[in-house]
file target28.cif (mmCIF, C-alpha atoms)
data_my_file
loop_
_atom_site.label_atom_id
_atom_site.label_comp_id
_atom_site.auth_asym_id
_atom_site.auth_seq_id
_atom_site.Cartn_x
_atom_site.Cartn_y
_atom_site.Cartn_z
CA MET A 207 0.00 0.00 0.00
CA ALA A 208 1.00 3.61 -0.46
CA ALA A 209 1.17 4.14 3.25
CA GLY A 210 3.89 6.60 4.21
CA GLY A 211 6.15 6.17 7.19
CA GLU A 212 3.08 6.44 9.41
CA ALA A 213 2.24 3.93 12.09
CA HIS A 214 -1.38 4.06 10.85
CA GLY A 215 -1.74 3.34 7.15
CA PRO A 216 -4.60 4.77 5.15
CA LEU A 217 -6.58 1.56 5.66
CA HIS A 218 -6.28 1.64 9.43
CA GLN A 219 -9.53 3.63 9.65
CA PHE A 220 -11.53 0.70 8.33
CA GLU A 221 -10.40 -1.72 11.01
CA ILE A 222 -13.09 -3.38 13.10
CA THR A 223 -12.35 -3.62 16.80
CA ARG A 224 -14.35 -5.52 19.37
CA LEU A 225 -15.54 -3.26 22.15
CA ILE A 226 -17.65 -5.74 24.11
CA PRO A 227 -16.94 -9.33 23.09
CA ILE A 228 -20.14 -11.37 22.95
CA GLU A 229 -20.27 -14.92 21.71
CA VAL A 230 -23.52 -16.86 21.35
CA GLY A 231 -23.25 -20.51 20.39
CA GLY A 232 -19.93 -20.11 18.60
CA VAL A 233 -21.18 -17.11 16.62
CA ASP A 234 -19.26 -13.89 17.13
CA LEU A 235 -21.86 -11.25 18.02
CA SER A 236 -19.44 -8.78 19.57
CA PHE A 237 -20.39 -5.16 19.96
CA THR A 238 -17.85 -3.56 17.62
CA ASN A 239 -16.88 0.01 16.82
CA SER A 240 -19.03 -0.37 13.71
CA ALA A 241 -22.06 -1.25 15.84
CA LEU A 242 -21.27 1.61 18.19
CA TRP A 243 -21.27 4.09 15.32
CA MET A 244 -24.57 2.74 14.01
CA VAL A 245 -26.05 3.34 17.45
CA ILE A 246 -24.59 6.84 17.41
CA ILE A 247 -26.10 7.53 13.97
CA VAL A 248 -29.53 6.39 15.09
CA ALA A 249 -29.24 8.39 18.31
CA VAL A 250 -28.04 11.56 16.59
CA SER A 251 -30.72 11.47 13.90
CA THR A 252 -33.46 10.66 16.41
CA LEU A 253 -32.36 13.46 18.72
CA PHE A 254 -32.13 15.85 15.79
CA PHE A 255 -35.68 15.18 14.62
CA LEU A 256 -36.99 15.25 18.18
CA ALA A 257 -35.37 18.63 18.72
CA ALA A 258 -36.49 19.90 15.33
CA THR A 259 -40.12 18.96 15.78
CA SER A 260 -40.52 19.65 19.50
CA LYS A 261 -41.60 23.25 18.98
CA ALA A 262 -43.53 22.98 15.75
CA SER A 263 -44.44 26.47 14.64
CA LEU A 264 -46.14 27.75 11.53
CA VAL A 265 -43.07 29.80 10.65
CA PRO A 266 -40.29 27.24 11.07
CA GLY A 267 -37.06 27.98 12.87
CA ARG A 268 -33.70 26.80 11.58
CA LEU A 269 -33.86 23.23 12.86
CA GLN A 270 -37.47 22.79 11.91
CA SER A 271 -36.89 24.01 8.38
CA VAL A 272 -34.03 21.53 7.93
CA ALA A 273 -36.36 18.76 9.06
CA GLU A 274 -39.08 20.01 6.72
CA ILE A 275 -36.71 20.29 3.78
CA SER A 276 -35.46 16.74 4.28
CA TYR A 277 -39.05 15.50 4.55
CA GLU A 278 -40.03 17.27 1.34
CA PHE A 279 -36.89 16.13 -0.45
CA VAL A 280 -37.54 12.45 0.21
CA ALA A 281 -41.30 12.80 -0.30
CA ASN A 282 -40.76 14.37 -3.74
CA LEU A 283 -38.24 11.69 -4.64
CA LEU A 284 -40.70 8.97 -3.73
CA LYS A 285 -43.67 10.67 -5.44
CA ASP A 286 -41.73 11.34 -8.64
CA ASN A 287 -40.61 7.75 -8.94
CA THR A 288 -43.51 5.70 -7.64
CA GLY A 289 -46.53 8.01 -7.73
CA THR A 290 -48.72 8.70 -4.73
CA GLN A 291 -49.23 5.04 -3.88
CA GLY A 292 -45.57 4.80 -2.95
CA MET A 293 -46.11 7.22 -0.07
CA LYS A 294 -47.24 4.27 2.03
CA TYR A 295 -43.58 3.27 2.24
CA PHE A 296 -42.38 6.77 3.03
CA PRO A 297 -41.28 5.95 6.60
CA PHE A 298 -39.07 3.13 5.31
CA VAL A 299 -37.48 5.18 2.53
CA PHE A 300 -37.01 8.18 4.80
CA THR A 301 -35.30 6.02 7.40
CA ILE A 302 -32.93 4.64 4.77
CA PHE A 303 -32.09 8.11 3.52
CA ILE A 304 -31.45 9.54 6.97
CA PHE A 305 -29.42 6.52 8.08
CA VAL A 306 -27.18 6.51 5.02
CA LEU A 307 -26.81 10.28 5.07
CA GLY A 308 -26.04 10.20 8.79
CA ALA A 309 -23.49 7.43 8.33
CA ASN A 310 -21.77 9.23 5.46
CA MET A 311 -21.76 12.62 7.17
CA LEU A 312 -20.67 11.38 10.60
CA GLY A 313 -17.95 9.47 8.78
CA MET A 314 -16.51 12.84 7.75
CA VAL A 315 -15.89 13.77 11.38
CA PRO A 316 -12.18 13.19 12.17
CA TYR A 317 -11.45 10.01 14.18
CA SER A 318 -14.91 8.68 13.49
CA PHE A 319 -15.74 5.40 11.81
CA THR A 320 -17.58 5.30 8.47
CA VAL A 321 -20.14 2.53 8.74
CA THR A 322 -21.04 2.67 5.04
CA SER A 323 -17.44 2.01 4.00
CA HIS A 324 -17.99 -1.65 4.88
CA LEU A 325 -19.53 -3.94 2.31
CA ALA A 326 -21.11 -6.04 5.06
CA VAL A 327 -23.21 -3.07 6.17
CA THR A 328 -24.27 -1.81 2.73
CA ALA A 329 -24.91 -5.35 1.46
CA THR A 330 -27.17 -6.07 4.42
CA MET A 331 -29.14 -2.89 3.78
CA SER A 332 -29.53 -3.51 0.07
CA LEU A 333 -30.50 -7.17 0.59
CA VAL A 334 -33.19 -6.11 3.04
CA ILE A 335 -34.42 -3.52 0.52
CA ILE A 336 -34.47 -5.86 -2.48
CA ILE A 337 -35.99 -8.82 -0.64
CA GLY A 338 -38.55 -6.51 0.96
CA ILE A 339 -39.48 -5.02 -2.41
CA THR A 340 -39.77 -8.49 -3.96
CA VAL A 341 -42.11 -9.54 -1.16
CA ILE A 342 -44.20 -6.37 -1.59
CA GLY A 343 -44.44 -7.06 -5.32
CA LEU A 344 -45.44 -10.68 -4.77
CA ILE A 345 -48.12 -9.66 -2.26
CA LYS A 346 -49.49 -6.95 -4.54
CA HIS A 347 -49.46 -8.83 -7.82
CA GLY A 348 -49.07 -12.48 -6.91
CA PHE A 349 -47.73 -14.44 -9.83
CA GLY A 350 -48.10 -11.38 -12.05
CA PHE A 351 -45.01 -9.90 -10.42
CA PHE A 352 -42.91 -12.25 -12.55
CA HIS A 353 -43.79 -10.05 -15.53
CA VAL A 354 -40.74 -8.08 -14.37
CA PHE A 355 -38.70 -10.83 -15.95
CA LEU A 356 -40.52 -10.90 -19.28
CA PRO A 357 -41.07 -7.65 -21.15
CA SER A 358 -44.35 -7.65 -23.06
CA GLY A 359 -44.29 -8.19 -26.83
CA VAL A 360 -41.36 -10.60 -26.84
CA PRO A 361 -41.52 -13.50 -29.34
CA MET A 362 -41.89 -16.82 -27.58
CA TRP A 363 -38.66 -18.33 -28.91
CA LEU A 364 -36.67 -15.49 -27.35
CA ALA A 365 -38.37 -15.76 -23.99
CA PRO A 366 -36.12 -18.39 -22.32
CA LEU A 367 -32.98 -16.38 -23.11
CA LEU A 368 -34.51 -13.07 -22.08
CA ILE A 369 -35.88 -14.44 -18.83
CA VAL A 370 -32.42 -15.63 -17.81
CA ILE A 371 -30.91 -12.25 -18.69
CA GLU A 372 -33.66 -10.38 -16.83
CA VAL A 373 -33.25 -12.60 -13.78
CA ILE A 374 -29.51 -11.91 -13.73
CA SER A 375 -30.25 -8.22 -14.21
CA TYR A 376 -32.61 -8.36 -11.23
CA LEU A 377 -29.97 -10.11 -9.15
CA THR A 378 -27.43 -7.38 -9.94
CA ARG A 379 -29.57 -4.84 -8.12
CA PRO A 380 -28.45 -5.62 -4.58
CA VAL A 381 -24.87 -5.93 -5.85
CA SER A 382 -24.79 -2.56 -7.60
CA LEU A 383 -26.75 -0.88 -4.82
CA SER A 384 -24.34 -2.01 -2.11
CA VAL A 385 -21.07 -1.87 -4.07
CA ARG A 386 -21.68 1.68 -5.25
CA LEU A 387 -22.15 3.09 -1.78
CA PHE A 388 -19.36 1.04 -0.21
CA ALA A 389 -16.84 1.71 -3.01
CA ASN A 390 -17.48 5.45 -3.02
CA MET A 391 -17.10 5.83 0.71
CA MET A 392 -14.09 3.54 0.98
CA ALA A 393 -12.26 5.07 -2.00
CA GLY A 394 -12.90 8.62 -0.85
CA HIS A 395 -11.74 8.06 2.70
CA THR A 396 -8.65 6.16 1.57
CA THR A 397 -7.70 8.99 -0.80
CA LEU A 398 -8.13 11.52 1.98
CA LYS A 399 -5.86 9.55 4.29
CA VAL A 400 -3.21 9.00 1.61
CA PHE A 401 -3.04 12.72 0.88
CA ALA A 402 -3.04 13.52 4.58
CA GLY A 403 -0.06 11.19 4.96
CA PHE A 404 1.82 13.18 2.30
CA VAL A 405 1.31 16.40 4.23
CA VAL A 406 3.43 15.11 7.10
CA ALA A 407 5.94 13.25 4.92
CA LEU A 408 6.76 16.22 2.67
CA GLY A 409 7.52 18.70 5.42
CA LEU A 410 7.29 22.30 4.18
CA ALA A 411 6.20 21.25 0.68
CA GLY A 412 3.29 19.53 2.40
CA VAL A 413 1.28 22.71 1.87
CA VAL A 414 0.44 21.45 -1.61
CA PRO A 415 -1.17 18.15 -0.50
CA LEU A 416 -2.76 20.04 2.38
CA PHE A 417 -4.54 22.18 -0.17
CA PHE A 418 -5.69 19.01 -1.91
CA VAL A 419 -6.94 17.55 1.36
CA VAL A 420 -9.06 20.63 1.97
CA ALA A 421 -10.50 20.41 -1.55
CA LEU A 422 -11.04 16.66 -1.24
CA THR A 423 -12.84 17.10 2.06
CA ALA A 424 -15.33 19.39 0.37
CA LEU A 425 -15.72 16.89 -2.47
CA GLU A 426 -16.20 14.07 0.04
CA ILE A 427 -19.00 15.94 1.76
CA LEU A 428 -20.68 16.36 -1.63
CA ILE A 429 -20.21 12.64 -2.35
CA ALA A 430 -21.51 11.72 1.09
CA PHE A 431 -24.76 13.49 0.26
CA LEU A 432 -24.83 12.34 -3.36
CA GLN A 433 -24.44 8.68 -2.45
CA ALA A 434 -27.20 8.86 0.14
CA TYR A 435 -29.37 10.45 -2.55
CA ILE A 436 -28.51 7.80 -5.15
CA PHE A 437 -29.10 4.98 -2.67
CA THR A 438 -32.53 6.42 -1.91
CA ILE A 439 -33.55 7.16 -5.49
CA LEU A 440 -32.60 3.63 -6.57
CA THR A 441 -34.69 2.26 -3.72
CA CYS A 442 -37.60 4.31 -5.07
CA ILE A 443 -37.02 3.11 -8.64
CA TYR A 444 -36.92 -0.53 -7.54
CA LEU A 445 -39.98 0.03 -5.38
CA ASN A 446 -41.76 1.29 -8.46
CA ASP A 447 -41.18 -2.11 -10.10
CA ALA A 448 -43.08 -3.70 -7.23
CA PHE A 449 -46.10 -1.52 -8.11
CA HIS A 450 -45.79 -1.75 -11.89
CA PRO A 451 -44.14 -5.03 -12.89
CA HIS A 452 -44.80 -4.36 -16.59
CA HIS A 453 -42.13 -2.08 -17.94
CA MET B 254 -70.17 28.89 13.80
CA ALA B 255 -71.39 32.46 14.10
CA ASP B 256 -68.54 33.69 16.32
CA ASP B 257 -65.82 32.40 14.01
CA PRO B 258 -63.44 35.32 13.49
CA LEU B 259 -62.55 34.30 9.97
CA PRO B 260 -65.44 32.54 8.27
CA SER B 261 -63.70 32.87 4.92
CA LEU B 262 -60.83 30.69 6.13
CA ALA B 263 -63.17 27.93 7.24
CA ASP B 264 -64.90 28.19 3.92
CA LEU B 265 -61.59 27.98 2.10
CA ASP B 266 -60.64 24.92 4.15
CA ARG B 267 -63.90 23.21 3.24
CA ARG B 268 -63.46 23.99 -0.45
CA LEU B 269 -59.85 22.80 -0.39
CA LYS B 270 -60.90 19.51 1.14
CA GLU B 271 -63.54 19.04 -1.51
CA ALA B 272 -61.12 19.85 -4.30
CA ARG B 273 -58.59 17.35 -2.94
CA LYS B 274 -61.24 14.65 -2.94
CA THR B 275 -62.04 15.06 -6.62
CA VAL B 276 -58.51 15.54 -7.95
CA PRO B 277 -56.04 12.82 -6.99
CA ALA B 278 -52.87 14.46 -5.78
CA GLU B 279 -50.66 13.77 -8.77
CA PRO B 280 -46.93 14.24 -8.40
CA GLU B 281 -45.83 17.58 -9.70
CA ARG B 282 -42.80 17.36 -11.91
CA ASP B 283 -41.36 20.62 -10.74
CA ALA B 284 -39.14 19.18 -8.06
CA LEU B 285 -36.55 17.42 -10.20
CA PRO B 286 -33.34 16.97 -8.26
CA ARG B 287 -30.35 18.71 -9.75
CA SER B 288 -27.64 17.01 -7.78
CA SER B 289 -27.09 14.11 -10.19
CA ASN B 290 -23.87 15.46 -11.63
CA ALA B 291 -21.54 13.87 -14.15
CA LEU B 292 -19.32 12.13 -11.60
CA GLY B 293 -22.28 10.52 -9.89
CA SER B 294 -23.81 9.26 -13.09
CA ALA B 295 -20.49 7.93 -14.38
CA MET B 296 -20.02 5.92 -11.21
CA ARG B 297 -23.62 4.79 -11.35
CA LEU B 298 -23.33 3.50 -14.92
CA GLY B 299 -19.98 1.83 -14.30
CA VAL B 300 -21.18 -0.18 -11.33
CA GLU B 301 -24.42 -1.00 -13.16
CA PHE B 302 -22.41 -2.51 -16.03
CA VAL B 303 -19.77 -4.39 -14.07
CA SER B 304 -22.19 -5.94 -11.60
CA GLY B 305 -23.81 -7.84 -14.50
CA PHE B 306 -20.52 -9.60 -15.25
CA VAL B 307 -19.86 -10.31 -11.59
CA VAL B 308 -23.29 -11.76 -10.86
CA GLY B 309 -23.35 -13.79 -14.11
CA GLY B 310 -19.89 -15.19 -13.45
CA LEU B 311 -20.74 -16.05 -9.86
CA ILE B 312 -23.94 -17.86 -10.82
CA GLY B 313 -22.05 -19.84 -13.47
CA TRP B 314 -19.26 -20.68 -11.04
CA ALA B 315 -21.72 -21.89 -8.40
CA LEU B 316 -23.68 -23.99 -10.92
CA ASP B 317 -20.44 -25.48 -12.22
CA ARG B 318 -19.45 -26.51 -8.74
CA TRP B 319 -22.86 -28.02 -8.25
CA PHE B 320 -22.99 -29.98 -11.52
CA GLY B 321 -19.24 -30.53 -11.88
CA SER B 322 -19.32 -29.13 -15.39
CA ARG B 323 -16.36 -26.78 -15.19
CA PRO B 324 -15.91 -24.42 -17.01
CA TRP B 325 -18.82 -24.44 -19.44
CA LEU B 326 -21.65 -23.00 -17.37
CA MET B 327 -19.41 -20.26 -16.09
CA ILE B 328 -18.61 -19.21 -19.65
CA VAL B 329 -22.27 -19.27 -20.66
CA PHE B 330 -23.43 -17.35 -17.61
CA PHE B 331 -20.59 -14.87 -17.92
CA LEU B 332 -21.87 -14.01 -21.38
CA LEU B 333 -25.46 -13.85 -20.13
CA GLY B 334 -24.23 -11.64 -17.31
CA ALA B 335 -22.60 -9.39 -19.88
CA ALA B 336 -25.97 -9.11 -21.62
CA ALA B 337 -27.63 -8.29 -18.30
CA GLY B 338 -24.95 -5.65 -17.66
CA MET B 339 -25.68 -4.06 -21.03
CA LEU B 340 -29.38 -4.12 -20.25
CA ASN B 341 -28.75 -2.42 -16.90
CA LEU B 342 -26.55 0.13 -18.60
CA ILE B 343 -29.10 0.97 -21.28
CA ARG B 344 -31.89 1.30 -18.72
CA ALA B 345 -29.84 3.51 -16.43
CA ALA B 346 -28.69 5.66 -19.35
CA ARG B 347 -32.27 6.05 -20.55
CA ARG B 348 -33.34 7.12 -17.08
CA LEU B 349 -30.54 9.68 -16.91
CA GLN B 350 -31.46 11.00 -20.33
CA ALA B 351 -35.12 11.32 -19.41
CA GLU B 352 -34.10 13.23 -16.28
CA ALA B 353 -31.82 15.52 -18.27
CA GLU B 354 -34.47 16.18 -20.90
CA ALA B 355 -37.10 16.94 -18.30
CA ARG B 356 -34.71 19.33 -16.62
CA GLU B 357 -33.93 21.08 -19.89
CA GLU B 358 -37.60 21.45 -20.69
CA GLN B 359 -38.22 22.87 -17.26
CA ASP B 360 -35.35 25.32 -17.65
CA SER B 361 -36.55 26.59 -21.01
CA SER B 362 -40.11 26.96 -19.75
CA THR B 363 -39.08 28.92 -16.66
CA ARG B 364 -36.89 31.21 -18.69
CA GLY B 365 -39.83 31.90 -20.95
#
call {"tool": "encode", "arguments": {"input": "target28.cif", "output": "structure tokens"}}
result
Amino acid sequence: MAAGGEAHGPLHQFEITRLIPIEVGGVDLSFTNSALWMVIIVAVSTLFFLAATSKASLVPGRLQSVAEISYEFVANLLKDNTGTQGMKYFPFVFTIFIFVLGANMLGMVPYSFTVTSHLAVTATMSLVIIIGITVIGLIKHGFGFFHVFLPSGVPMWLAPLLIVIEVISYLTRPVSLSVRLFANMMAGHTTLKVFAGFVVALGLAGVVPLFFVVALTALEILIAFLQAYIFTILTCIYLNDAFHPHH
Amino acid sequence: MADDPLPSLADLDRRLKEARKTVPAEPERDALPRSSNALGSAMRLGVEFVSGFVVGGLIGWALDRWFGSRPWLMIVFFLLGAAAGMLNLIRAARRLQAEAEAREEQDSSTRG
């Protein structure tokens, strides 16, 4: 790795440490730093929305308007992609958005741990989303949901090939959903650390990489928001398939 | 209510409720997000494409292990995965294009 002479390489930040070792029946269920940060994310976002909505006034204050903007942002996203019937799942989608955004943003705090930079976390989230959406589609349309795999107007002799391709395409959804978020967060944070290592290693000339680190930090904050947005909008698009299996 | 200070407001409220009942609240297209910049969409398309290969290859590899037919199923499913990746790519690109077109339309209409 391109780690400088530092004791902590750029990948040190992704290390999982056990805080409270728990083992149940040979399965390692330890409370790790990753779990701790997830608890912190949930606590921070819950406290934020409690504080923001405690004094609901007609003319919103600063906190309240942030809460209202985030509500409207996600609500518009969901309405644009799934229509009004999708609003039933608003709490779920909003929770996903706030959790991912919270994880990405809190990951930008120095010495913190970025939960979303671990494939295990993002893969779990996207599997829950995709399996949940599949179940919703099956409940709503029964067998008709399998029309997702067969576009209408396809000649019969092409159907076996197309169904296999569509099934594979459906199976790529959790992969692309989780890999995108994980890769972006991991790559960004590694780059930041590598450049930060140069600042110390280069001495006085370290001003140049320092400038880059400042610029990259701004870019990372943009990406942190952008990835939360993309994760949410893709959830909405996939949810739309559960409502309308015929493309 | 005779002592209502603002009877017009109550009336307005009643009329609003009635109007909402007749017209289903359709999504307005005026809130298109602008934050999908070039970097985001490039990353989105890249992952969309590559994941097809990965999933296809993995399915083929698992089936090969199951049937002991190495390496034929993996080759077949890798190619099918490539097709699925293309399909993903085309769909994602179409979506991006539709978004961009809608945004352009909106821009030209607001400018007059």
call {"tool": "interface_residues", "arguments": {"input": "target28.cif", "of": "chain B", "to": "chain A", "cutoff": "6 Å", "atoms": "all atoms listed in the file", "output": "number ranges by chain"}}
result
B: 280, 300-301, 304-305, 333, 337
call {"tool": "atom_distance", "arguments": {"input": "target28.cif", "atom1": "CA of Val306 in chain A", "atom2": "CA of Tyr444 in chain A"}}
result
17.4 Å
call {"tool": "atom_distance", "arguments": {"input": "target28.cif", "atom1": "CA of Thr252 in chain A", "atom2": "CA of Asn239 in chain A"}}
result
19.7 Å
call {"tool": "resolve_selection", "arguments": {"input": "target28.cif", "expression": "the PyMOL selection byres ((chain A and resi 398) around 9)", "output": "list in words"}}
result
Pro216, Ala393, Gly394, His395, Thr396, Thr397, Lys399, Val400, Phe401, Ala402, Gly403, Phe418, Val419, Leu422, Thr423 and Glu426 of chain A
call {"tool": "write_last_selection", "arguments": {"input": "target28.cif", "atoms": "C-alpha atoms", "output": "PDB file, in the coordinates of the input"}}
result
ATOM      1  CA  PRO A 216      -4.600   4.770   5.150  1.00  0.00           C
ATOM      2  CA  ALA A 393     -12.260   5.070  -2.000  1.00  0.00           C
ATOM      3  CA  GLY A 394     -12.900   8.620  -0.850  1.00  0.00           C
ATOM      4  CA  HIS A 395     -11.740   8.060   2.700  1.00  0.00           C
ATOM      5  CA  THR A 396      -8.650   6.160   1.570  1.00  0.00           C
ATOM      6  CA  THR A 397      -7.700   8.990  -0.800  1.00  0.00           C
ATOM      7  CA  LYS A 399      -5.860   9.550   4.290  1.00  0.00           C
ATOM      8  CA  VAL A 400      -3.210   9.000   1.610  1.00  0.00           C
ATOM      9  CA  PHE A 401      -3.040  12.720   0.880  1.00  0.00           C
ATOM     10  CA  ALA A 402      -3.040  13.520   4.580  1.00  0.00           C
ATOM     11  CA  GLY A 403      -0.060  11.190   4.960  1.00  0.00           C
ATOM     12  CA  PHE A 418      -5.690  19.010  -1.910  1.00  0.00           C
ATOM     13  CA  VAL A 419      -6.940  17.550   1.360  1.00  0.00           C
ATOM     14  CA  LEU A 422     -11.040  16.660  -1.240  1.00  0.00           C
ATOM     15  CA  THR A 423     -12.840  17.100   2.060  1.00  0.00           C
ATOM     16  CA  GLU A 426     -16.200  14.070   0.040  1.00  0.00           C
TER      17      GLU A 426
END
call {"tool": "atom_distance", "arguments": {"input": "target28.cif", "atom1": "CA of Phe330 in chain B", "atom2": "CA of Gly313 in chain B"}}
result
5.0 Å
call {"tool": "resolve_selection", "arguments": {"input": "target28.cif", "expression": "the PyMOL selection byres ((chain A and resi 445) around 10)", "output": "NGL selection string"}}
result
:A and (284 or 287-288 or 292 or 295 or 299 or 335-336 or 338-340 or 342-343 or 439-444 or 446-451)
call {"tool": "write_last_selection", "arguments": {"input": "target28.cif", "atoms": "C-alpha atoms", "output": "mmCIF file, in the frame of the given file"}}
result
data_model
loop_
_atom_site.group_PDB
_atom_site.id
_atom_site.type_symbol
_atom_site.label_atom_id
_atom_site.label_comp_id
_atom_site.auth_asym_id
_atom_site.auth_seq_id
_atom_site.Cartn_x
_atom_site.Cartn_y
_atom_site.Cartn_z
ATOM 1 C CA LEU A 284 -40.700 8.970 -3.730
ATOM 2 C CA ASN A 287 -40.610 7.750 -8.940
ATOM 3 C CA THR A 288 -43.510 5.700 -7.640
ATOM 4 C CA GLY A 292 -45.570 4.800 -2.950
ATOM 5 C CA TYR A 295 -43.580 3.270 2.240
ATOM 6 C CA VAL A 299 -37.480 5.180 2.530
ATOM 7 C CA ILE A 335 -34.420 -3.520 0.520
ATOM 8 C CA ILE A 336 -34.470 -5.860 -2.480
ATOM 9 C CA GLY A 338 -38.550 -6.510 0.960
ATOM 10 C CA ILE A 339 -39.480 -5.020 -2.410
ATOM 11 C CA THR A 340 -39.770 -8.490 -3.960
ATOM 12 C CA ILE A 342 -44.200 -6.370 -1.590
ATOM 13 C CA GLY A 343 -44.440 -7.060 -5.320
ATOM 14 C CA ILE A 439 -33.550 7.160 -5.490
ATOM 15 C CA LEU A 440 -32.600 3.630 -6.570
ATOM 16 C CA THR A 441 -34.690 2.260 -3.720
ATOM 17 C CA CYS A 442 -37.600 4.310 -5.070
ATOM 18 C CA ILE A 443 -37.020 3.110 -8.640
ATOM 19 C CA TYR A 444 -36.920 -0.530 -7.540
ATOM 20 C CA ASN A 446 -41.760 1.290 -8.460
ATOM 21 C CA ASP A 447 -41.180 -2.110 -10.100
ATOM 22 C CA ALA A 448 -43.080 -3.700 -7.230
ATOM 23 C CA PHE A 449 -46.100 -1.520 -8.110
ATOM 24 C CA HIS A 450 -45.790 -1.750 -11.890
ATOM 25 C CA PRO A 451 -44.140 -5.030 -12.890
#
